[in-house]
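Peer 1: The structure is given below, and queries will be raised subsequently.
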Amino acid sequence: MSVMKRVRRLTHFDVLLMTAGIWFLAKFLRYVFPPLFGSFQETYAVSNAALGAAFTGFMLVYAAMQFPSGMLADRLGSVTVITAGVTVAAVASFALVVDSPFAVLVVAMLVMGAGTGAHKTVAVRLLAHAYPARTGRALGILDTFGTFGGVVAPWAVVLAAGVPFALGASWRVIFLAAGVVGLALAVLFWVRVPQRVPTETEGDGTSGVNLDELRRYAALFRDWRFSAFALLTVLFAFTYNGLVAFAPLYLTDEAGLTAATASVLYSGLFLASLVQLVTGDLSDRIGRLPIITAMLGLAALSLVAFVSLTDIAGPVVLGIALIAAGIGSHGFRPVRGAYLMSAIPDDLAAGGLGVVRTLLMGAGAIAPVIIGAMSETVGFRPAFWLLAASVSGATLLATLLWVTAEGGS
């Protein structure tokens, strides 16, 4: 391949790389907070309950932004909404660079939830339009970038702990770096993407929200297939977020593993995200519902095995089951977005996706609370059986959609 062909090929993916870079930053900002809870306690002298409530607020604002950001993208174009979102998140990051009261941290977290919440729904629409023949592959790359934002965040906390910072506690340097990177990405995105996808700088030219438009979004759920898929995503989100929140504690409390071993197995759950690069591409080639059914089925069977073998299996077997559950979970995510974009009319694409993402993110936000409460009342095992039942229900719905679909898509 000549140098010019290689350059043109790389240029073809610039929209994807910039969009994925912003998503990496968004997921980094989300997952950097839990590892910092100990540092926050030293800085602000607050309880775990206060920090947990602040993080729940972050997640709820993030979830609430899915529909309005999508609707705004339908009206104003994807470029405007994504640029505004990353700029807001960057400015909120700068608010944490200098010493300030705990209330400032809480407000900054809520604003970051709004800024990062404006990205994913709109990014799916943008990439579906920028890469119509390879939407699954593009979304697989997007989700992989985002997952590695979560992988990098704890290491950033460790590295920052040894860095002297003139403006306050060492952890503040993380948010200085995030703010600088966020503004740089906003400028690059605003300048470059309109040249590559000019249609995404425009919306339908209307302003405000009217009842007829809201009825059009609600009408999507009159189609039983759309409603079934929306329910499927909600069930999956409940399982995934409950698993991610409590897998390490489950492994130490129920399986008797050391904290170090549990951490190693837990990291495998995230490293399994590399499968997204494969499943997204496969869905473009052989259809989305077969991949969706297979991935959810793998997640369900693996989680059933994980809970069933807790007492009798060692760390290797439990690790394999957990990683397999991760493969199924991560493999499903990019195909989910591609399927929804094909099922929603173009003029309602981002807003319709936003409705579904609001539902699934809401389910994901309450999952840790429910699983945590169950673990203290009836035990971890019944709580994890609930997670297995939830993803099994999602698998049954996917199977129904697949067998009743025309052409297996």
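If you're wondering about the labels, chains in the structure tokens are A, B, ... by order shown, residues count from 1 in each chain, ligands from 1 in order shown.
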Any idea what's packed within 6 Å of A:Gly149, counting only C-alpha atoms, ignoring anything in its chain fewer than 4 positions away? Could you give it as a CSV table (one decimal) with N, CA and C atoms, in the first residue's frame?

Peer 2:
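The resulting selection_14.csv:
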chain,number,residue,atom,x,y,z
A,24,PHE,N,-13.4,8.1,25.5
A,24,PHE,CA,-12.4,7.7,26.4
A,24,PHE,C,-12.3,8.6,27.6
A,27,LYS,N,-15.5,8.3,29.9
A,27,LYS,CA,-15.4,7.1,30.8
A,27,LYS,C,-14.3,7.2,31.8
A,28,PHE,N,-13.2,7.9,31.4
A,28,PHE,CA,-12.1,8.1,32.4
A,28,PHE,C,-12.7,9.0,33.6

Peer 1: Using only C-alpha atoms, which protein or nucleic acid residues come within 10 Å of A:Ala63? Drop anything in the same chain fewer than 6 positions from it, and give the result as a PyMOL selection string.

Peer 2: chain A and resi 57+113-114+116-118+354-355+357-365

Peer 1: Export all heavy atoms of the chosen residues as a compact mmCIF listing (two decimals), in the first residue's frame?

Peer 2:
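Output contents, as saved in again_38.txt:
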# COMPACT_ATOMS: atom_id res chain seq x y z
N GLY A 57 -25.43 10.80 42.12
CA GLY A 57 -25.90 12.01 41.43
C GLY A 57 -25.26 12.16 40.07
O GLY A 57 -25.94 12.51 39.09
N GLY A 113 -21.36 14.94 34.91
CA GLY A 113 -22.36 13.97 34.49
C GLY A 113 -23.17 14.48 33.32
O GLY A 113 -23.46 13.73 32.38
N ALA A 114 -23.51 15.77 33.35
CA ALA A 114 -24.26 16.36 32.23
C ALA A 114 -23.40 16.43 30.97
O ALA A 114 -23.86 16.08 29.87
CB ALA A 114 -24.76 17.75 32.61
N THR A 116 -20.59 14.69 30.10
CA THR A 116 -20.27 13.38 29.52
C THR A 116 -21.52 12.66 29.05
O THR A 116 -21.47 11.88 28.10
CB THR A 116 -19.53 12.51 30.56
OG1 THR A 116 -20.33 12.39 31.74
CG2 THR A 116 -18.20 13.13 30.93
N GLY A 117 -22.67 12.95 29.69
CA GLY A 117 -23.92 12.31 29.28
C GLY A 117 -24.41 12.75 27.91
O GLY A 117 -25.25 12.09 27.30
N ALA A 118 -23.87 13.86 27.42
CA ALA A 118 -24.29 14.36 26.11
C ALA A 118 -23.59 13.65 24.97
O ALA A 118 -23.89 13.91 23.80
CB ALA A 118 -23.99 15.87 26.01
N GLY A 354 -31.72 8.11 22.49
CA GLY A 354 -31.60 8.74 23.79
C GLY A 354 -32.64 8.24 24.77
O GLY A 354 -32.37 8.07 25.97
N VAL A 355 -33.87 8.01 24.28
CA VAL A 355 -34.93 7.47 25.15
C VAL A 355 -34.51 6.11 25.70
O VAL A 355 -34.61 5.85 26.92
CB VAL A 355 -36.25 7.34 24.38
CG1 VAL A 355 -37.29 6.63 25.24
CG2 VAL A 355 -36.77 8.70 23.96
N ARG A 357 -31.47 4.82 25.89
CA ARG A 357 -30.29 4.93 26.76
C ARG A 357 -30.65 5.53 28.12
O ARG A 357 -30.04 5.18 29.13
CB ARG A 357 -29.20 5.74 26.07
CG ARG A 357 -28.43 4.92 25.03
CD ARG A 357 -27.23 5.68 24.48
NE ARG A 357 -26.35 6.15 25.52
CZ ARG A 357 -25.47 5.39 26.18
NH1 ARG A 357 -25.38 4.09 25.90
NH2 ARG A 357 -24.68 5.90 27.10
N THR A 358 -31.64 6.40 28.16
CA THR A 358 -32.08 6.91 29.46
C THR A 358 -32.64 5.77 30.31
O THR A 358 -32.34 5.67 31.51
CB THR A 358 -33.15 7.99 29.27
OG1 THR A 358 -32.58 9.10 28.57
CG2 THR A 358 -33.68 8.49 30.61
N LEU A 359 -33.43 4.91 29.68
CA LEU A 359 -33.99 3.77 30.41
C LEU A 359 -32.90 2.82 30.89
O LEU A 359 -32.89 2.40 32.06
CB LEU A 359 -34.98 3.02 29.51
CG LEU A 359 -36.25 3.77 29.12
CD1 LEU A 359 -37.05 2.96 28.10
CD2 LEU A 359 -37.11 4.06 30.35
N LEU A 360 -31.98 2.48 30.00
CA LEU A 360 -30.97 1.50 30.39
C LEU A 360 -29.98 2.08 31.40
O LEU A 360 -29.51 1.38 32.31
CB LEU A 360 -30.26 0.92 29.17
CG LEU A 360 -29.30 1.79 28.36
CD1 LEU A 360 -27.87 1.66 28.88
CD2 LEU A 360 -29.33 1.37 26.87
N MET A 361 -29.64 3.36 31.25
CA MET A 361 -28.73 3.97 32.22
C MET A 361 -29.41 4.14 33.57
O MET A 361 -28.77 4.02 34.63
CB MET A 361 -28.25 5.33 31.71
CG MET A 361 -27.30 5.25 30.53
SD MET A 361 -25.83 4.24 30.82
CE MET A 361 -25.11 5.03 32.25
N GLY A 362 -30.72 4.40 33.55
CA GLY A 362 -31.45 4.47 34.81
C GLY A 362 -31.45 3.13 35.53
O GLY A 362 -31.23 3.04 36.74
N ALA A 363 -31.68 2.05 34.75
CA ALA A 363 -31.63 0.70 35.34
C ALA A 363 -30.24 0.40 35.86
O ALA A 363 -30.07 -0.21 36.93
CB ALA A 363 -32.04 -0.33 34.29
N GLY A 364 -29.22 0.84 35.11
CA GLY A 364 -27.85 0.61 35.55
C GLY A 364 -27.52 1.38 36.82
O GLY A 364 -26.78 0.90 37.68
N ALA A 365 -28.09 2.58 36.95
CA ALA A 365 -27.79 3.40 38.12
C ALA A 365 -28.38 2.82 39.40
O ALA A 365 -27.79 2.96 40.48
CB ALA A 365 -28.32 4.82 37.90

Peer 1: Residues near A:Tyr240, anyone? I mean within 12 Å using only C-alpha atoms, not counting same-chain ones fewer than 2 positions away, as a JSON list (two decimals) with N, CA, C and O atoms, in the first residue's frame.

Peer 2:
[["chain", "number", "residue", "atom", "x", "y", "z"],
["A", 233, "THR", "N", -32.46, -4.30, 26.61],
["A", 233, "THR", "CA", -31.31, -3.49, 27.00],
["A", 233, "THR", "C", -31.37, -3.08, 28.47],
["A", 233, "THR", "O", -30.33, -2.98, 29.13],
["A", 234, "VAL", "N", -32.57, -2.85, 28.98],
["A", 234, "VAL", "CA", -32.73, -2.49, 30.39],
["A", 234, "VAL", "C", -32.31, -3.67, 31.28],
["A", 234, "VAL", "O", -31.58, -3.50, 32.28],
["A", 235, "LEU", "N", -32.75, -4.87, 30.94],
["A", 235, "LEU", "CA", -32.38, -6.07, 31.70],
["A", 235, "LEU", "C", -30.87, -6.29, 31.68],
["A", 235, "LEU", "O", -30.25, -6.61, 32.70],
["A", 236, "PHE", "N", -30.27, -6.10, 30.51],
["A", 236, "PHE", "CA", -28.82, -6.25, 30.41],
["A", 236, "PHE", "C", -28.09, -5.21, 31.26],
["A", 236, "PHE", "O", -27.13, -5.52, 31.97],
["A", 237, "ALA", "N", -28.53, -3.95, 31.17],
["A", 237, "ALA", "CA", -27.87, -2.88, 31.92],
["A", 237, "ALA", "C", -27.92, -3.14, 33.42],
["A", 237, "ALA", "O", -26.96, -2.89, 34.15],
["A", 238, "PHE", "N", -29.04, -3.66, 33.89],
["A", 238, "PHE", "CA", -29.17, -3.98, 35.31],
["A", 238, "PHE", "C", -28.13, -5.02, 35.70],
["A", 238, "PHE", "O", -27.42, -4.89, 36.72],
["A", 242, "GLY", "N", -24.72, -4.14, 38.04],
["A", 242, "GLY", "CA", -24.67, -4.83, 39.32],
["A", 242, "GLY", "C", -23.44, -5.71, 39.44],
["A", 242, "GLY", "O", -22.80, -5.78, 40.50],
["A", 243, "LEU", "N", -23.07, -6.37, 38.33],
["A", 243, "LEU", "CA", -21.88, -7.22, 38.33],
["A", 243, "LEU", "C", -20.61, -6.40, 38.50],
["A", 243, "LEU", "O", -19.73, -6.74, 39.29],
["A", 244, "VAL", "N", -20.51, -5.32, 37.74],
["A", 244, "VAL", "CA", -19.32, -4.47, 37.80],
["A", 244, "VAL", "C", -19.15, -3.87, 39.20],
["A", 244, "VAL", "O", -18.03, -3.75, 39.71],
["A", 245, "ALA", "N", -20.25, -3.51, 39.84],
["A", 245, "ALA", "CA", -20.17, -2.87, 41.15],
["A", 245, "ALA", "C", -19.72, -3.82, 42.25],
["A", 245, "ALA", "O", -19.00, -3.41, 43.17],
["A", 246, "PHE", "N", -20.11, -5.11, 42.17],
["A", 246, "PHE", "CA", -19.91, -5.99, 43.32],
["A", 246, "PHE", "C", -19.13, -7.27, 43.04],
["A", 246, "PHE", "O", -18.95, -8.08, 43.96],
["A", 247, "ALA", "N", -18.63, -7.47, 41.84],
["A", 247, "ALA", "CA", -17.87, -8.69, 41.56],
["A", 247, "ALA", "C", -16.67, -8.86, 42.49],
["A", 247, "ALA", "O", -16.44, -9.97, 43.01],
["A", 269, "LEU", "N", -12.43, -8.85, 33.52],
["A", 269, "LEU", "CA", -13.78, -8.48, 33.08],
["A", 269, "LEU", "C", -13.73, -7.30, 32.12],
["A", 269, "LEU", "O", -14.49, -7.24, 31.15],
["A", 270, "PHE", "N", -12.81, -6.37, 32.35],
["A", 270, "PHE", "CA", -12.69, -5.20, 31.49],
["A", 270, "PHE", "C", -11.82, -5.48, 30.26],
["A", 270, "PHE", "O", -12.09, -4.98, 29.18],
["A", 296, "LEU", "N", -25.49, -12.37, 24.49],
["A", 296, "LEU", "CA", -26.30, -12.39, 25.71],
["A", 296, "LEU", "C", -26.40, -13.81, 26.27],
["A", 296, "LEU", "O", -26.36, -14.01, 27.49],
["A", 299, "ALA", "N", -23.20, -14.51, 28.09],
["A", 299, "ALA", "CA", -23.18, -13.81, 29.38],
["A", 299, "ALA", "C", -24.06, -14.52, 30.40],
["A", 299, "ALA", "O", -23.68, -14.67, 31.57],
["A", 300, "ALA", "N", -25.25, -14.95, 29.97],
["A", 300, "ALA", "CA", -26.18, -15.61, 30.89],
["A", 300, "ALA", "C", -25.61, -16.94, 31.38],
["A", 300, "ALA", "O", -25.59, -17.22, 32.59],
["A", 303, "LEU", "N", -22.63, -16.40, 33.73],
["A", 303, "LEU", "CA", -22.97, -15.89, 35.05],
["A", 303, "LEU", "C", -23.64, -16.97, 35.90],
["A", 303, "LEU", "O", -23.40, -17.07, 37.11],
["A", 322, "LEU", "N", -16.00, -15.54, 34.82],
["A", 322, "LEU", "CA", -16.17, -14.09, 34.89],
["A", 322, "LEU", "C", -15.74, -13.43, 33.58],
["A", 322, "LEU", "O", -16.41, -12.52, 33.07],
["A", 325, "ALA", "N", -18.31, -14.06, 30.97],
["A", 325, "ALA", "CA", -19.43, -13.14, 31.15],
["A", 325, "ALA", "C", -19.08, -11.76, 30.61],
["A", 325, "ALA", "O", -19.93, -11.07, 30.01],
["A", 326, "GLY", "N", -17.81, -11.35, 30.79],
["A", 326, "GLY", "CA", -17.35, -10.08, 30.25],
["A", 326, "GLY", "C", -17.35, -10.07, 28.73],
["A", 326, "GLY", "O", -17.72, -9.07, 28.10],
["A", 327, "ILE", "N", -16.93, -11.17, 28.12],
["A", 327, "ILE", "CA", -16.93, -11.27, 26.66],
["A", 327, "ILE", "C", -18.35, -11.12, 26.11],
["A", 327, "ILE", "O", -18.60, -10.37, 25.16],
["A", 328, "GLY", "N", -19.29, -11.82, 26.74],
["A", 328, "GLY", "CA", -20.68, -11.71, 26.29],
["A", 328, "GLY", "C", -21.23, -10.32, 26.48],
["A", 328, "GLY", "O", -21.90, -9.77, 25.60],
["A", 329, "SER", "N", -20.93, -9.72, 27.63],
["A", 329, "SER", "CA", -21.46, -8.38, 27.93],
["A", 329, "SER", "C", -20.87, -7.33, 27.01],
["A", 329, "SER", "O", -21.59, -6.53, 26.40],
["A", 330, "HIS", "N", -19.55, -7.31, 26.89],
["A", 330, "HIS", "CA", -18.91, -6.30, 26.04],
["A", 330, "HIS", "C", -19.20, -6.56, 24.56],
["A", 330, "HIS", "O", -19.34, -5.61, 23.78],
["A", 332, "PHE", "N", -21.89, -7.57, 23.29],
["A", 332, "PHE", "CA", -23.25, -7.13, 22.98],
["A", 332, "PHE", "C", -23.33, -5.63, 22.73],
["A", 332, "PHE", "O", -24.12, -5.16, 21.90],
["A", 333, "ARG", "N", -22.54, -4.83, 23.45],
["A", 333, "ARG", "CA", -22.75, -3.39, 23.51],
["A", 333, "ARG", "C", -22.68, -2.67, 22.17],
["A", 333, "ARG", "O", -23.59, -1.88, 21.85],
["A", 360, "LEU", "N", -31.98, 2.48, 30.00],
["A", 360, "LEU", "CA", -30.97, 1.50, 30.39],
["A", 360, "LEU", "C", -29.98, 2.08, 31.40],
["A", 360, "LEU", "O", -29.51, 1.38, 32.31],
["A", 361, "MET", "N", -29.64, 3.36, 31.25],
["A", 361, "MET", "CA", -28.73, 3.97, 32.22],
["A", 361, "MET", "C", -29.41, 4.14, 33.57],
["A", 361, "MET", "O", -28.77, 4.02, 34.63],
["A", 363, "ALA", "N", -31.68, 2.05, 34.75],
["A", 363, "ALA", "CA", -31.63, 0.70, 35.34],
["A", 363, "ALA", "C", -30.24, 0.40, 35.86],
["A", 363, "ALA", "O", -30.07, -0.21, 36.93],
["A", 364, "GLY", "N", -29.22, 0.84, 35.11],
["A", 364, "GLY", "CA", -27.85, 0.61, 35.55],
["A", 364, "GLY", "C", -27.52, 1.38, 36.82],
["A", 364, "GLY", "O", -26.78, 0.90, 37.68],
["A", 365, "ALA", "N", -28.09, 2.58, 36.95],
["A", 365, "ALA", "CA", -27.79, 3.40, 38.12],
["A", 365, "ALA", "C", -28.38, 2.82, 39.40],
["A", 365, "ALA", "O", -27.79, 2.96, 40.48],
["A", 366, "ILE", "N", -29.56, 2.17, 39.29],
["A", 366, "ILE", "CA", -30.18, 1.63, 40.51],
["A", 366, "ILE", "C", -29.71, 0.21, 40.83],
["A", 366, "ILE", "O", -29.92, -0.26, 41.95],
["A", 367, "ALA", "N", -29.06, -0.46, 39.89],
["A", 367, "ALA", "CA", -28.62, -1.84, 40.13],
["A", 367, "ALA", "C", -27.71, -1.97, 41.35],
["A", 367, "ALA", "O", -27.93, -2.85, 42.19],
["A", 368, "PRO", "N", -26.66, -1.13, 41.48],
["A", 368, "PRO", "CA", -25.79, -1.28, 42.67],
["A", 368, "PRO", "C", -26.54, -1.11, 43.99],
["A", 368, "PRO", "O", -26.23, -1.80, 44.97],
["A", 371, "ILE", "N", -28.58, -4.46, 44.50],
["A", 371, "ILE", "CA", -27.71, -5.60, 44.79],
["A", 371, "ILE", "C", -27.03, -5.40, 46.14],
["A", 371, "ILE", "O", -26.87, -6.36, 46.92],
["A", 384, "PHE", "N", -26.81, -12.24, 43.26],
["A", 384, "PHE", "CA", -26.19, -12.56, 41.98],
["A", 384, "PHE", "C", -27.06, -13.49, 41.14],
["A", 384, "PHE", "O", -26.98, -13.47, 39.90],
["A", 386, "LEU", "N", -30.20, -13.02, 40.98],
["A", 386, "LEU", "CA", -31.08, -12.03, 40.34],
["A", 386, "LEU", "C", -30.42, -11.46, 39.10],
["A", 386, "LEU", "O", -31.09, -11.28, 38.06],
["A", 387, "LEU", "N", -29.11, -11.19, 39.17],
["A", 387, "LEU", "CA", -28.39, -10.69, 37.99],
["A", 387, "LEU", "C", -28.41, -11.73, 36.87],
["A", 387, "LEU", "O", -28.62, -11.39, 35.69],
["A", 388, "ALA", "N", -28.22, -12.99, 37.23],
["A", 388, "ALA", "CA", -28.24, -14.06, 36.21],
["A", 388, "ALA", "C", -29.63, -14.17, 35.59],
["A", 388, "ALA", "O", -29.77, -14.38, 34.37],
["A", 390, "SER", "N", -31.80, -11.78, 35.27],
["A", 390, "SER", "CA", -32.06, -10.61, 34.44],
["A", 390, "SER", "C", -31.45, -10.77, 33.06],
["A", 390, "SER", "O", -32.12, -10.53, 32.03],
["A", 391, "VAL", "N", -30.19, -11.18, 32.98],
["A", 391, "VAL", "CA", -29.56, -11.33, 31.66],
["A", 391, "VAL", "C", -30.12, -12.54, 30.92],
["A", 391, "VAL", "O", -30.15, -12.57, 29.68],
["A", 394, "ALA", "N", -33.09, -11.24, 29.17],
["A", 394, "ALA", "CA", -32.66, -10.50, 27.98],
["A", 394, "ALA", "C", -32.35, -11.46, 26.84],
["A", 394, "ALA", "O", -32.67, -11.18, 25.68]]

Peer 1: To one decimal place in Å, what is the distance between atom CA of A:Leu142 and atom CA of A:Gly77?

Peer 2: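 So the answer is 19.4 Å.
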
Peer 1: Which of these, A:Gly256, A:Gly337, A:Pro154, A:Pro101, has the shortest distance to A:Phe37 once you count only C-alpha atoms?

Peer 2: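 Nearest candidate to A:Phe37 out of A:Gly256, A:Gly337, A:Pro154, A:Pro101: A:Pro154.
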
Peer 1: Show me, as a list in words, the residues that have an atom within 12 Å of A:Ala160 when counting only C-alpha atoms, minus same-chain residues fewer than 2 positions from it.

Peer 2: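 My list of contacting residues is Val32, Pro35, Leu36, Ser39, Ala153, Pro154, Trp155, Ala156, Val157, Val158, Gly162, Val163, Pro164, Phe165, Ala169, Ser170, Trp171, Arg172, Val173, Ile174, Phe175, Leu176 and Ala177 of chain A.
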